Each structure stands twice: as structure tokens, then as C-alpha cells.
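A.B. asks: CSV, C-alpha atoms, file model20.csv:
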chain,number,residue,atom,x,y,z
A,1,MET,CA,26.4,9.7,21.6
A,2,THR,CA,24.8,6.9,23.6
A,3,PRO,CA,27.2,4.3,25.1
A,4,GLU,CA,26.2,1.8,22.4
A,5,ALA,CA,27.1,4.1,19.5
A,6,VAL,CA,30.0,2.8,17.6
A,7,SER,CA,31.5,4.5,14.5
A,8,PRO,CA,28.7,6.1,12.6
A,9,GLY,CA,27.4,4.2,9.6
A,10,THR,CA,28.5,0.8,10.9
A,11,VAL,CA,26.2,0.0,13.8
A,12,ARG,CA,23.4,2.4,14.8
A,13,PRO,CA,22.9,3.3,18.5
A,14,GLY,CA,20.2,1.6,20.5
A,15,GLY,CA,21.6,-1.8,21.6
A,16,ARG,CA,20.7,-5.3,20.5
A,17,THR,CA,17.1,-4.5,19.3
A,18,ALA,CA,18.5,-1.7,17.0
A,19,ARG,CA,21.3,-4.0,15.8
A,20,VAL,CA,18.9,-6.8,15.0
A,21,ARG,CA,16.6,-4.4,13.1
A,22,SER,CA,19.6,-2.9,11.2
A,23,ALA,CA,20.9,-6.4,10.2
A,24,VAL,CA,17.4,-7.7,9.2
A,25,LEU,CA,16.6,-4.6,7.1
A,26,ARG,CA,20.0,-4.7,5.4
A,27,ALA,CA,19.3,-8.4,4.5
A,28,ALA,CA,15.8,-7.6,3.4
A,29,GLY,CA,17.0,-4.8,1.2
A,30,ASP,CA,19.6,-7.1,-0.3
A,31,ALA,CA,17.0,-9.8,-1.0
A,32,LEU,CA,14.6,-7.2,-2.5
A,33,ALA,CA,17.3,-5.8,-4.7
A,34,GLU,CA,18.2,-9.2,-5.9
A,35,HIS,CA,14.8,-10.9,-6.4
A,36,GLY,CA,12.0,-8.4,-5.8
A,37,LEU,CA,9.1,-8.9,-3.4
A,38,ALA,CA,8.3,-12.3,-4.8
A,39,GLY,CA,11.8,-13.5,-3.7
A,40,LEU,CA,11.5,-12.0,-0.2
A,41,ASP,CA,11.4,-14.9,2.3
A,42,LEU,CA,11.5,-14.3,6.0
A,43,ALA,CA,13.5,-17.5,6.8
A,44,ASP,CA,16.0,-16.4,4.1
A,45,VAL,CA,16.3,-12.9,5.6
A,46,ALA,CA,16.8,-14.4,9.0
A,47,LEU,CA,19.6,-16.6,7.6
A,48,ARG,CA,21.3,-13.6,5.8
A,49,ALA,CA,21.0,-11.4,8.8
A,50,GLU,CA,22.3,-14.1,11.2
A,51,VAL,CA,19.2,-13.6,13.4
A,52,GLY,CA,16.8,-16.1,14.8
A,53,ARG,CA,13.9,-17.0,12.5
A,54,THR,CA,11.4,-16.6,15.3
A,55,THR,CA,12.5,-13.1,16.0
A,56,VAL,CA,12.0,-12.1,12.3
A,57,TYR,CA,8.5,-13.8,12.1
A,58,ARG,CA,7.4,-12.3,15.5
A,59,ARG,CA,8.6,-8.8,14.7
A,60,TRP,CA,7.9,-8.4,11.0
A,61,GLY,CA,5.3,-11.1,10.4
A,62,THR,CA,5.2,-11.0,6.6
A,63,PRO,CA,7.3,-10.0,3.6
A,64,VAL,CA,5.2,-6.8,3.2
A,65,GLY,CA,5.7,-6.0,6.9
A,66,LEU,CA,9.5,-6.1,6.2
A,67,VAL,CA,9.0,-3.8,3.1
A,68,ALA,CA,7.0,-1.3,5.2
A,69,ASP,CA,9.7,-1.2,8.0
A,70,LEU,CA,12.5,-1.0,5.4
A,71,LEU,CA,10.8,2.1,3.9
A,72,ALA,CA,10.3,3.7,7.3
A,73,ASP,CA,14.0,3.1,8.0
A,74,MET,CA,15.0,4.5,4.5
A,75,ALA,CA,13.0,7.7,5.3
A,76,GLU,CA,14.8,8.0,8.7
A,77,GLN,CA,18.2,7.5,7.1
A,78,SER,CA,17.7,9.7,4.1
A,79,LEU,CA,20.2,12.5,3.7
A,80,PRO,CA,19.3,16.0,4.9
A,81,ARG,CA,18.7,18.6,2.2
A,82,THR,CA,21.4,20.8,0.8
A,83,GLU,CA,21.4,24.6,1.2
A,84,THR,CA,23.3,26.4,-1.6
A,85,GLY,CA,21.5,29.7,-1.4
A,86,THR,CA,19.8,29.5,-4.8
A,87,LEU,CA,16.9,27.5,-6.1
A,88,LEU,CA,18.8,26.1,-9.0
A,89,GLY,CA,21.7,25.0,-6.8
A,90,ASP,CA,19.4,23.3,-4.3
A,91,LEU,CA,17.3,21.6,-7.0
A,92,ARG,CA,20.5,20.4,-8.7
A,93,ALA,CA,21.8,19.0,-5.5
A,94,ASN,CA,18.5,17.2,-4.9
A,95,ALA,CA,18.4,15.8,-8.5
A,96,ARG,CA,22.0,14.6,-8.2
A,97,LEU,CA,21.2,12.8,-5.0
A,98,VAL,CA,18.1,11.1,-6.5
A,99,GLN,CA,20.2,10.2,-9.7
A,100,ARG,CA,23.1,8.7,-7.7
A,101,THR,CA,20.7,6.7,-5.6
A,102,LEU,CA,18.7,5.3,-8.6
A,103,ALA,CA,21.8,4.8,-10.7
A,104,ASP,CA,23.5,2.7,-7.9
A,105,PRO,CA,22.9,-1.0,-8.8
A,106,ARG,CA,21.7,-2.1,-5.4
A,107,GLN,CA,19.7,1.0,-4.5
A,108,GLY,CA,18.2,1.3,-8.0
A,109,ALA,CA,17.1,-2.3,-7.9
A,110,LEU,CA,15.7,-1.8,-4.4
A,111,PHE,CA,13.7,1.2,-5.4
A,112,LYS,CA,12.3,-0.6,-8.4
A,113,SER,CA,11.3,-3.5,-6.1
A,114,VAL,CA,9.5,-1.4,-3.5
A,115,ILE,CA,7.7,0.5,-6.2
A,116,ALA,CA,6.6,-2.8,-7.7
A,117,ALA,CA,5.6,-4.1,-4.3
A,118,ALA,CA,3.5,-0.9,-3.8
A,119,THR,CA,1.6,-1.6,-7.0
A,120,CYS,CA,0.1,-4.9,-5.6
A,121,ASP,CA,-0.2,-4.3,-1.9
A,122,THR,CA,-1.9,-1.5,0.0
A,123,GLN,CA,0.3,-1.7,3.1
A,124,ALA,CA,3.4,-1.5,1.0
A,125,ALA,CA,1.8,1.4,-1.0
A,126,ALA,CA,1.0,3.3,2.2
A,127,ALA,CA,4.6,2.9,3.4
A,128,LEU,CA,5.9,4.0,0.0
A,129,HIS,CA,3.7,7.1,0.0
A,130,ARG,CA,4.9,8.0,3.6
A,131,PHE,CA,8.5,7.6,2.4
A,132,TYR,CA,8.0,10.1,-0.4
A,133,GLU,CA,6.0,12.5,1.8
A,134,ILE,CA,8.9,12.6,4.3
A,135,ARG,CA,11.4,13.0,1.5
A,136,VAL,CA,9.4,15.9,-0.1
A,137,SER,CA,9.0,17.5,3.3
A,138,GLU,CA,12.8,17.4,3.8
A,139,TRP,CA,13.5,19.3,0.5
A,140,ASP,CA,10.4,21.5,0.5
A,141,PRO,CA,12.2,24.4,2.3
A,142,CYS,CA,14.4,24.8,-0.8
A,143,ALA,CA,11.4,25.9,-2.8
A,144,ARG,CA,9.8,27.8,0.1
A,145,GLN,CA,12.9,29.9,0.7
A,146,ALA,CA,13.0,30.6,-3.1
A,147,VAL,CA,9.5,32.1,-2.8
A,148,GLU,CA,10.7,34.1,0.2
A,149,ARG,CA,13.7,35.3,-1.7
A,150,GLY,CA,11.5,36.3,-4.6
A,151,GLU,CA,13.0,33.7,-7.0
A,152,LEU,CA,9.6,32.0,-7.3
A,153,PRO,CA,6.1,33.6,-7.6
A,154,GLU,CA,3.9,33.8,-4.4
A,155,GLY,CA,1.4,31.0,-4.2
A,156,THR,CA,3.8,28.4,-5.7
A,157,ASP,CA,2.9,24.8,-4.6
A,158,THR,CA,6.4,24.2,-3.3
A,159,ARG,CA,6.0,20.4,-2.8
A,160,GLU,CA,5.1,20.1,-6.4
A,161,VAL,CA,8.4,21.8,-7.4
A,162,ILE,CA,10.3,19.2,-5.4
A,163,ARG,CA,8.3,16.3,-7.0
A,164,ALA,CA,8.9,17.8,-10.4
A,165,VAL,CA,12.7,17.3,-9.9
A,166,SER,CA,12.3,13.6,-9.1
A,167,ALA,CA,9.6,12.7,-11.6
A,168,PRO,CA,11.6,12.6,-14.8
A,169,LEU,CA,14.4,10.6,-13.1
A,170,TYR,CA,11.9,7.9,-11.9
A,171,TYR,CA,10.1,8.0,-15.3
A,172,ARG,CA,13.4,7.4,-17.1
A,173,LEU,CA,14.4,4.6,-14.7
A,174,LEU,CA,11.1,2.8,-15.1
A,175,THR,CA,10.1,3.3,-18.8
A,176,THR,CA,13.4,3.6,-20.7
A,177,ALA,CA,16.7,1.8,-21.0
A,178,GLU,CA,18.5,5.1,-21.1
A,179,PRO,CA,21.3,5.8,-18.6
A,180,LEU,CA,20.5,7.8,-15.5
A,181,ASP,CA,23.4,10.2,-15.7
A,182,GLU,CA,24.3,13.6,-14.2
A,183,ALA,CA,23.1,15.3,-17.4
A,184,ALA,CA,19.7,13.8,-16.8
A,185,ALA,CA,19.8,15.0,-13.2
A,186,ASP,CA,20.8,18.6,-14.1
A,187,ARG,CA,18.2,18.7,-16.9
A,188,ALA,CA,15.5,17.6,-14.4
A,189,ALA,CA,16.5,20.3,-12.0
A,190,ASP,CA,16.7,23.0,-14.7
A,191,ALA,CA,13.3,22.0,-16.1
A,192,ALA,CA,11.7,22.1,-12.6
A,193,ALA,CA,13.3,25.5,-11.8
A,194,ALA,CA,12.3,27.0,-15.2
A,195,ALA,CA,8.7,25.7,-14.9
A,196,ALA,CA,8.4,27.0,-11.3
A,197,ARG,CA,9.8,30.5,-12.3
A,198,ALA,CA,7.2,30.7,-15.1
A,199,GLY,CA,4.5,30.1,-12.5
A,200,ALA,CA,3.5,26.6,-13.7
A,201,PHE,CA,3.2,25.4,-10.0
A,202,VAL,CA,1.1,28.4,-8.7
A,203,GLY,CA,-2.1,27.4,-7.0
A,204,PRO,CA,-3.8,24.0,-6.8
A,205,ALA,CA,-5.2,24.0,-10.4
A,206,ARG,CA,-4.7,26.1,-13.5
B,1,MET,CA,-11.7,-2.5,-45.2
B,2,THR,CA,-10.9,-6.2,-45.5
B,3,PRO,CA,-13.8,-8.6,-45.9
B,4,GLU,CA,-13.2,-9.7,-42.2
B,5,ALA,CA,-13.5,-6.2,-40.8
B,6,VAL,CA,-16.6,-5.9,-38.6
B,7,SER,CA,-17.6,-2.7,-36.9
B,8,PRO,CA,-14.5,-1.0,-35.6
B,9,GLY,CA,-13.7,-1.4,-31.9
B,10,THR,CA,-15.6,-4.7,-31.6
B,11,VAL,CA,-13.6,-7.3,-33.5
B,12,ARG,CA,-10.4,-6.4,-35.3
B,13,PRO,CA,-9.9,-7.5,-38.9
B,14,GLY,CA,-7.8,-10.5,-39.6
B,15,GLY,CA,-10.0,-13.5,-39.1
B,16,ARG,CA,-9.8,-16.2,-36.4
B,17,THR,CA,-6.1,-15.7,-35.5
B,18,ALA,CA,-6.7,-12.0,-34.8
B,19,ARG,CA,-9.9,-12.7,-32.9
B,20,VAL,CA,-8.1,-15.3,-30.7
B,21,ARG,CA,-5.3,-12.8,-30.0
B,22,SER,CA,-7.7,-10.1,-29.2
B,23,ALA,CA,-9.7,-12.3,-26.7
B,24,VAL,CA,-6.5,-13.6,-25.1
B,25,LEU,CA,-4.9,-10.2,-24.7
B,26,ARG,CA,-8.2,-8.7,-23.3
B,27,ALA,CA,-8.3,-11.6,-20.8
B,28,ALA,CA,-4.6,-11.2,-19.9
B,29,GLY,CA,-5.1,-7.5,-19.4
B,30,ASP,CA,-8.1,-8.2,-17.1
B,31,ALA,CA,-6.0,-10.7,-15.1
B,32,LEU,CA,-3.0,-8.4,-14.8
B,33,ALA,CA,-5.2,-5.4,-13.7
B,34,GLU,CA,-6.9,-7.6,-11.1
B,35,HIS,CA,-3.9,-9.6,-9.7
B,36,GLY,CA,-0.6,-8.3,-11.3
B,37,LEU,CA,2.0,-10.5,-12.9
B,38,ALA,CA,2.1,-12.9,-10.0
B,39,GLY,CA,-1.6,-13.7,-10.7
B,40,LEU,CA,-1.2,-14.1,-14.5
B,41,ASP,CA,-1.8,-17.8,-15.3
B,42,LEU,CA,-2.0,-19.1,-18.9
B,43,ALA,CA,-4.7,-21.7,-18.1
B,44,ASP,CA,-6.8,-19.0,-16.4
B,45,VAL,CA,-6.4,-16.6,-19.3
B,46,ALA,CA,-7.4,-19.4,-21.7
B,47,LEU,CA,-10.6,-20.0,-19.6
B,48,ARG,CA,-11.4,-16.3,-19.5
B,49,ALA,CA,-10.8,-15.9,-23.2
B,50,GLU,CA,-12.8,-19.0,-24.1
B,51,VAL,CA,-9.8,-20.2,-26.1
B,52,GLY,CA,-8.1,-23.6,-26.0
B,53,ARG,CA,-5.4,-23.9,-23.4
B,54,THR,CA,-3.0,-25.5,-25.9
B,55,THR,CA,-3.3,-22.5,-28.2
B,56,VAL,CA,-2.4,-20.1,-25.4
B,57,TYR,CA,0.6,-22.2,-24.3
B,58,ARG,CA,1.8,-22.7,-27.9
B,59,ARG,CA,1.5,-19.1,-29.0
B,60,TRP,CA,2.5,-17.1,-25.8
B,61,GLY,CA,4.5,-19.7,-23.8
B,62,THR,CA,4.8,-17.8,-20.5
B,63,PRO,CA,3.1,-15.1,-18.5
B,64,VAL,CA,5.8,-12.7,-19.5
B,65,GLY,CA,5.3,-13.7,-23.2
B,66,LEU,CA,1.7,-12.6,-22.7
B,67,VAL,CA,2.8,-9.3,-21.1
B,68,ALA,CA,5.2,-8.5,-24.0
B,69,ASP,CA,2.5,-9.2,-26.6
B,70,LEU,CA,-0.1,-7.2,-24.7
B,71,LEU,CA,2.3,-4.2,-24.6
B,72,ALA,CA,2.9,-4.6,-28.4
B,73,ASP,CA,-0.9,-4.6,-28.9
B,74,MET,CA,-1.3,-1.5,-26.6
B,75,ALA,CA,1.3,0.3,-28.7
B,76,GLU,CA,-0.6,-0.6,-31.9
B,77,GLN,CA,-3.9,0.5,-30.4
B,78,SER,CA,-2.8,3.7,-28.8
B,79,LEU,CA,-4.6,6.8,-30.0
B,80,PRO,CA,-3.0,9.1,-32.6
B,81,ARG,CA,-1.7,12.4,-31.4
B,82,THR,CA,-3.8,15.6,-31.3
B,83,GLU,CA,-3.0,18.6,-33.5
B,84,THR,CA,-4.3,21.8,-32.0
B,85,GLY,CA,-1.8,24.2,-33.7
B,86,THR,CA,-0.1,25.3,-30.5
B,87,LEU,CA,2.5,23.5,-28.3
B,88,LEU,CA,0.4,24.1,-25.1
B,89,GLY,CA,-2.7,22.8,-26.7
B,90,ASP,CA,-1.0,19.7,-28.0
B,91,LEU,CA,0.8,19.0,-24.7
B,92,ARG,CA,-2.5,19.5,-22.7
B,93,ALA,CA,-4.3,17.0,-25.0
B,94,ASN,CA,-1.4,14.5,-24.5
B,95,ALA,CA,-1.5,15.1,-20.7
B,96,ARG,CA,-5.3,14.6,-20.5
B,97,LEU,CA,-5.0,11.4,-22.5
B,98,VAL,CA,-2.3,10.0,-20.1
B,99,GLN,CA,-4.3,11.2,-17.1
B,100,ARG,CA,-7.6,9.6,-18.3
B,101,THR,CA,-5.8,6.4,-19.0
B,102,LEU,CA,-4.0,6.2,-15.7
B,103,ALA,CA,-7.1,7.4,-13.7
B,104,ASP,CA,-9.2,4.6,-15.3
B,105,PRO,CA,-9.5,1.8,-12.7
B,106,ARG,CA,-8.7,-1.0,-15.2
B,107,GLN,CA,-6.1,0.8,-17.3
B,108,GLY,CA,-4.4,2.4,-14.2
B,109,ALA,CA,-4.1,-1.0,-12.6
B,110,LEU,CA,-2.9,-2.6,-15.8
B,111,PHE,CA,-0.2,0.1,-16.3
B,112,LYS,CA,1.0,-0.4,-12.7
B,113,SER,CA,1.1,-4.2,-13.3
B,114,VAL,CA,3.2,-3.9,-16.5
B,115,ILE,CA,5.6,-1.4,-14.9
B,116,ALA,CA,5.9,-3.8,-11.9
B,117,ALA,CA,6.5,-6.7,-14.3
B,118,ALA,CA,9.2,-4.8,-16.1
B,119,THR,CA,11.1,-4.2,-12.8
B,120,CYS,CA,11.7,-8.0,-12.4
B,121,ASP,CA,11.9,-9.3,-15.9
B,122,THR,CA,14.1,-8.2,-18.8
B,123,GLN,CA,11.8,-9.4,-21.5
B,124,ALA,CA,8.9,-7.4,-20.0
B,125,ALA,CA,11.2,-4.4,-19.5
B,126,ALA,CA,12.2,-4.5,-23.2
B,127,ALA,CA,8.5,-4.7,-24.2
B,128,LEU,CA,7.7,-1.8,-21.9
B,129,HIS,CA,10.5,0.3,-23.2
B,130,ARG,CA,9.4,-0.3,-26.8
B,131,PHE,CA,5.8,0.7,-25.8
B,132,TYR,CA,7.0,4.1,-24.5
B,133,GLU,CA,9.4,4.6,-27.5
B,134,ILE,CA,6.4,4.2,-29.8
B,135,ARG,CA,4.2,6.4,-27.7
B,136,VAL,CA,6.9,9.2,-27.6
B,137,SER,CA,7.4,8.9,-31.4
B,138,GLU,CA,3.7,9.3,-31.9
B,139,TRP,CA,3.6,12.6,-30.0
B,140,ASP,CA,7.1,13.9,-30.8
B,141,PRO,CA,5.9,15.9,-33.9
B,142,CYS,CA,4.0,18.2,-31.5
B,143,ALA,CA,7.3,19.4,-30.1
B,144,ARG,CA,9.1,19.3,-33.4
B,145,GLN,CA,6.4,21.5,-35.1
B,146,ALA,CA,6.7,23.9,-32.1
B,147,VAL,CA,10.4,24.3,-32.9
B,148,GLU,CA,9.6,24.9,-36.6
B,149,ARG,CA,6.9,27.5,-35.6
B,150,GLY,CA,9.5,29.2,-33.4
B,151,GLU,CA,7.6,28.4,-30.2
B,152,LEU,CA,10.6,26.4,-28.9
B,153,PRO,CA,14.3,27.1,-29.2
B,154,GLU,CA,16.4,25.3,-32.0
B,155,GLY,CA,18.2,22.2,-30.7
B,156,THR,CA,15.4,21.2,-28.3
B,157,ASP,CA,15.4,17.5,-27.5
B,158,THR,CA,11.8,17.1,-28.5
B,159,ARG,CA,11.4,13.6,-27.2
B,160,GLU,CA,12.3,14.8,-23.7
B,161,VAL,CA,9.6,17.4,-24.0
B,162,ILE,CA,7.0,14.7,-24.6
B,163,ARG,CA,8.4,12.6,-21.7
B,164,ALA,CA,8.3,15.6,-19.4
B,165,VAL,CA,4.5,15.7,-19.8
B,166,SER,CA,4.0,12.1,-18.7
B,167,ALA,CA,6.7,11.9,-16.0
B,168,PRO,CA,4.8,13.8,-13.2
B,169,LEU,CA,1.6,11.9,-13.9
B,170,TYR,CA,3.3,8.5,-13.6
B,171,TYR,CA,5.3,9.7,-10.5
B,172,ARG,CA,2.1,10.8,-8.9
B,173,LEU,CA,0.4,7.5,-9.7
B,174,LEU,CA,3.2,5.4,-8.3
B,175,THR,CA,4.5,7.4,-5.3
B,176,THR,CA,1.4,9.2,-3.9
B,177,ALA,CA,-2.2,8.6,-2.9
B,178,GLU,CA,-3.2,11.9,-4.5
B,179,PRO,CA,-5.9,11.9,-7.2
B,180,LEU,CA,-4.8,11.9,-10.8
B,181,ASP,CA,-7.2,14.7,-12.0
B,182,GLU,CA,-7.4,17.1,-14.9
B,183,ALA,CA,-5.7,19.8,-12.8
B,184,ALA,CA,-2.6,17.5,-12.5
B,185,ALA,CA,-2.7,16.9,-16.2
B,186,ASP,CA,-2.8,20.6,-17.1
B,187,ARG,CA,-0.1,21.4,-14.7
B,188,ALA,CA,2.1,18.7,-16.2
B,189,ALA,CA,1.6,20.1,-19.7
B,190,ASP,CA,2.1,23.7,-18.5
B,191,ALA,CA,5.3,22.8,-16.7
B,192,ALA,CA,6.7,20.9,-19.6
B,193,ALA,CA,5.9,23.7,-22.0
B,194,ALA,CA,7.3,26.4,-19.7
B,195,ALA,CA,10.6,24.4,-19.2
B,196,ALA,CA,10.8,23.8,-22.9
B,197,ARG,CA,10.3,27.4,-23.8
B,198,ALA,CA,13.0,28.4,-21.3
B,199,GLY,CA,15.5,26.1,-23.1
B,200,ALA,CA,15.7,23.4,-20.4
B,201,PHE,CA,15.6,20.7,-23.0
B,202,VAL,CA,18.1,22.1,-25.5
B,203,GLY,CA,21.0,19.8,-26.3
B,204,PRO,CA,21.9,16.4,-24.8
B,205,ALA,CA,23.4,17.8,-21.6
B,206,ARG,CA,23.5,21.2,-19.9
Could you write out this structure as C-alpha cells?
C.D. replies:
Amino acid sequence: MTPEAVSPGTVRPGGRTARVRSAVLRAAGDALAEHGLAGLDLADVALRAEVGRTTVYRRWGTPVGLVADLLADMAEQSLPRTETGTLLGDLRANARLVQRTLADPRQGALFKSVIAAATCDTQAAAALHRFYEIRVSEWDPCARQAVERGELPEGTDTREVIRAVSAPLYYRLLTTAEPLDEAAADRAADAAAAAARAGAFVGPAR
Amino acid sequence: MTPEAVSPGTVRPGGRTARVRSAVLRAAGDALAEHGLAGLDLADVALRAEVGRTTVYRRWGTPVGLVADLLADMAEQSLPRTETGTLLGDLRANARLVQRTLADPRQGALFKSVIAAATCDTQAAAALHRFYEIRVSEWDPCARQAVERGELPEGTDTREVIRAVSAPLYYRLLTTAEPLDEAAADRAADAAAAAARAGAFVGPAR
């Protein structure tokens, strides 16, 4: 613990600079969740965060600069993977985490907004791709250990197994009005595990 | 063939009204693919389509009105499902069609734009959901026939099987910089088929 560290989850350690970043990114996330990229205004974010406008303009420059830093922060903050000892247990834990995140009104709206931002801006897209790279890397050991345990065939593209868990949940969020519930999460995990066991993710191309 | 029908694929039957709609939706699709919803301007669309501005304002009203009608037209125009006689053959044909569409520069950009539009507008979201409902209904018989043939277990949620084919391709398009190639399409189909055969889509919740 550094001397600046207060109770975890309230203010992160690192002094004034870190507190300013935390407040600004929180405000930017709120604004994005409420209005999307089109409604992300640096002066408004400064006001919400109770931070000087000049600081925000100097440090983040543009709305997309804010989105990119927010995604970097979300990657840093994302929860560590679960270890249950079985592939299905691990994938279900992963699916439930994705489902809870996307079903949360603020977080769900925020994810929709950053995905939308990435469709029309290359800097936002690069930041979004990095976020998912980091997230997949965090959970990849679940599938790698399943290969080592003999639960999955040798040569399985383990990153694709992790992506297969999230894909149906994001697809449901973006293309349907259906609820993102725990049943959907478990089904996503079960389907990914079954496909992986059957060898659908072996090798780069089949 | 109605008297107005010219060679298929050039001008659709229905006379002037249909020709105007076709030209306007083509122009709206071009504008969306190039600039996204934020760059969709009714006067610009009228100019591109060589149609009177008043016609466009009167008939479509707003940029989102154009997006909604474009999605309705895309659903009408979408290709009929393939029948190969096997589940894997049908799902691979479906996956290749989705992959070719999303990998096409104009179509891929257009789909990204309408998905982004749906994240920030409820009318656009409703139109997008309808588009995918219609598309899933078109391909659903592939999975239903597989149940009848005994290739898939009784009680399989066949619409979820069809969605499982598309989900990884959209997830790849939106969250990674990786190419959307035929190998990705085949893997999506193989994974969906394997999961379905293993019973991962049986019943509403597991």
C-alpha cells in the first residue's frame, strides 16, 4: 500500500494525478453511457469530474482520446480470471462475468458506446482491440490448462475458445431485444466448451 | 413478372416509387458506409440519389427513418437459405454468406454503421432487431430439418443454433483487427454444429 492508498475501490493510489484521471474517466464513462460518443464533450466531462477544463483538454485532447484512455483503464481494472479446476467451471465463471457486465445498465450502455465509437474512429478501434486482447489474455490460461489436463485436444486455439464464450453474449446484446440473463451466459459457456471438446478450435483453419 | 419489371438486380419492379426508394436507399447505404450515422444527411442523400429533396424529407423524415427503411429493404433483399442436405453443409453456407458480406468493404462498413446507429437510437435498434429476426427465420429450417433428420437432439432451440453461427463473425468484426476469412467462417459453422450436436442448445435454459 502506498501512503496515498485509501480504501480500495474508492480512490486509487498514486496521488493527485491518479485521482484526477479516475474522476475524469468516471465522468467520461457516465457521459458515454448516457449519450454515446456524439454526446461526449470535454468541457462537460471536466464539469462532471470537478476538474479544470484546461487539464482535461491538455491531457486527453479529444473525445476519442478520452475513450482510448477509458478503455486502457477498463483493461487495467478488469477482474482477474477465476480458477475452478474444470474448463466448464472456468468458462461459466467467465460467461457470468461478461453477462453481469453487459446486463448492468451503465456498463452495458458504456460497452455499446465504445463499440459504436470503434466503428467510426481508428484510434478508438485500436484501443477497443487492445482491451479485448488483454481480456482474452487474462482468461486464456483456463483453456490452456484444459489442454494440459487433457480436457481439450492438443493444438486447440485457446484464445478462440475464450472469444467463443463472449461472442454470443455480445451478439445478443447488439442484435436482439432479448434479455441477457444467466441462462444465456451458461449456454454460451456450455456451447464453447462442447465445441472445443469436439475439436472445432484445433488449428488455425479447418 | 409485372410490366414494370426490368432485368433483375438493376431496377426492381413497381414503377417510379420503387425506383426512387431503391435510389435513395442505395445512396443512404453509401453515405452510411462512408461516414456512419453522424454523416447521414437527407439533403446529401437526395443529391446522391438524384431525387428531389422534398421527396426524401417527406417520405423518410429523419436520418434514422432512412436507416430503418434501409434495414427493412436489406431484410427483403437478403439471399434465401441454402439447402445442402446436412446441418454442417447448411451452416457452412450460412457462415460463408455472413463472412463474405461482412468482409466486403462497403457491406462491412454499412453493417458496422447500422449496429452503431442501433446503440444510440431505439427506432434504429428496433429495425435492426427485426432485420436479424427475419434473417434467423430464413435460416432456421436448416436446424429444424437437422432435428427431424436426427442430426440434432429433440428440443434444440434451433434459432440459437443459427445465431451461434453468426455471433463469432460479428464479434471478430467488432472487437478485433483480425481478418474475417473463410477459415473463420468454417470454424464458426463447425463450432455451432458441434455445440448443437452435444445438446448445448437444448431447452431454454440449462
A.B. asks: Choose the residue, out of A:Leu128, A:Leu71, A:Ala143, A:Leu91, that has the smallest atom-to-atom separation from chain B; count all atoms listed in the file.
C.D. replies: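 Ranked by minimum distance to chain B, first place goes to A:Leu128.
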A.B. asks: Could you check how far CA of Arg48 in chain A sits from CA of Val114 in chain A, in Å to one decimal?
C.D. replies: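 It comes out at 19.4 Å.
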A.B. asks: Please report the interatomic distance between CA of Ala189 in chain A and CA of Val165 in chain A in Å with one decimal.
C.D. replies: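 Result for CA of Ala189 in chain A versus CA of Val165 in chain A: 5.3 Å, one decimal.
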A.B. asks: Counting only C-alpha atoms, give me one row per residue of chain B with an atom at most 9 Å from an atom of chain A, showing the shortest contact pair and its distance in Å to one decimal, sorted by chain then residue number, as a Markdown table.
C.D. replies:
| residue | atom | partner | partner_atom | distance |
| --- | --- | --- | --- | --- |
| B:His35 | CA | A:Cys120 | CA | 7.4 |
| B:Gly36 | CA | A:Cys120 | CA | 6.7 |
| B:Ala38 | CA | A:Ala38 | CA | 8.1 |
| B:Ala109 | CA | A:Thr119 | CA | 8.0 |
| B:Lys112 | CA | A:Thr119 | CA | 5.9 |
| B:Ser113 | CA | A:Thr119 | CA | 6.8 |
| B:Ile115 | CA | A:Leu174 | CA | 6.9 |
| B:Ala116 | CA | A:Ala116 | CA | 4.4 |
| B:Ala117 | CA | A:Ala116 | CA | 7.7 |
| B:Ala118 | CA | A:Leu174 | CA | 7.9 |
| B:Thr119 | CA | A:Lys112 | CA | 5.8 |
| B:Cys120 | CA | A:Gly36 | CA | 6.6 |
| B:Ala125 | CA | A:Thr175 | CA | 7.8 |
| B:Ala126 | CA | A:Ala177 | CA | 8.0 |
| B:Leu128 | CA | A:Thr175 | CA | 6.4 |
| B:His129 | CA | A:Thr176 | CA | 5.1 |
| B:Arg130 | CA | A:Thr176 | CA | 8.3 |
| B:Phe131 | CA | A:Thr175 | CA | 8.6 |
| B:Tyr132 | CA | A:Thr175 | CA | 6.5 |
| B:Glu133 | CA | A:Thr176 | CA | 8.0 |
| B:Arg163 | CA | A:Pro168 | CA | 7.6 |
| B:Ala164 | CA | A:Pro168 | CA | 6.4 |
| B:Ser166 | CA | A:Tyr171 | CA | 8.1 |
| B:Ala167 | CA | A:Pro168 | CA | 5.1 |
| B:Pro168 | CA | A:Ala167 | CA | 5.2 |
| B:Leu169 | CA | A:Ala167 | CA | 8.4 |
| B:Tyr170 | CA | A:Tyr171 | CA | 7.0 |
| B:Tyr171 | CA | A:Ala167 | CA | 5.4 |
| B:Arg172 | CA | A:Ala167 | CA | 8.2 |
| B:Leu174 | CA | A:Ile115 | CA | 7.0 |
| B:Thr175 | CA | A:His129 | CA | 5.4 |
| B:Thr176 | CA | A:His129 | CA | 5.0 |
| B:Ala177 | CA | A:His129 | CA | 6.7 |
| B:Glu182 | CA | A:Ala205 | CA | 8.5 |
| B:Ala183 | CA | A:Ala205 | CA | 4.9 |
| B:Ala184 | CA | A:Ala205 | CA | 7.3 |
| B:Asp186 | CA | A:Arg206 | CA | 6.8 |
| B:Arg187 | CA | A:Ala200 | CA | 6.4 |
| B:Ala188 | CA | A:Ala200 | CA | 8.4 |
| B:Asp190 | CA | A:Ala200 | CA | 5.8 |
| B:Ala191 | CA | A:Ala195 | CA | 4.8 |
| B:Ala192 | CA | A:Ala195 | CA | 7.0 |
| B:Ala193 | CA | A:Ala195 | CA | 7.9 |
| B:Ala194 | CA | A:Ala195 | CA | 5.0 |
| B:Ala195 | CA | A:Ala191 | CA | 4.8 |
| B:Ala196 | CA | A:Ala191 | CA | 7.5 |
| B:Arg197 | CA | A:Ala194 | CA | 8.8 |
| B:Ala198 | CA | A:Ala194 | CA | 6.3 |
| B:Gly199 | CA | A:Ala191 | CA | 8.4 |
| B:Ala200 | CA | A:Ala191 | CA | 5.1 |
| B:Phe201 | CA | A:Arg187 | CA | 6.9 |
| B:Pro204 | CA | A:Ala183 | CA | 7.6 |
| B:Ala205 | CA | A:Ala183 | CA | 4.9 |
| B:Arg206 | CA | A:Ala183 | CA | 6.4 |
A.B. asks: Point out the residue among B:Trp139, B:Arg159, B:Gly108, B:Ala23 with the least atom-to-atom distance to Thr82 in chain B, counting only C-alpha atoms.
C.D. replies: B:Trp139
A.B. asks: Of the candidates A:Asp104, A:Glu83, A:Glu76, A:Asp69, which one gets nearest to Pro179 in chain A if we count all atoms listed in the file?
C.D. replies: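 The closest residue to Pro179 in chain A is A:Asp104.
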A.B. asks: For a test of reading the model, state the distance in Å between CA of Leu42 in chain A and CA of Val98 in chain A, rounded to one decimal.
C.D. replies: 29.1 Å
A.B. asks: Find the residue from B:Thr101, B:Gln123, B:Thr84, B:Gln145 that sits nearest to Gly65 in chain B; use all atoms listed in the file when measuring.
C.D. replies: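 Using all atoms listed in the file, the shortest distance to Gly65 in chain B belongs to B:Gln123.
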A.B. asks: Under the rule that all atoms listed in the file are counted, which of B:Arg59, B:Gly39, B:Glu154, B:Leu180 is the nearest residue to Arg100 in chain B?
C.D. replies: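 Answer, going by the shortest atom-to-atom distance: B:Leu180.
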A.B. asks: Excluding Leu66 in chain B and residues on its chain fewer than 4 positions from it, collect all residues at most 8 Å away from it, counting all atoms listed in the file, and give them as a PyMOL selection string.
C.D. replies: chain B and resi 25+28+60-62+70
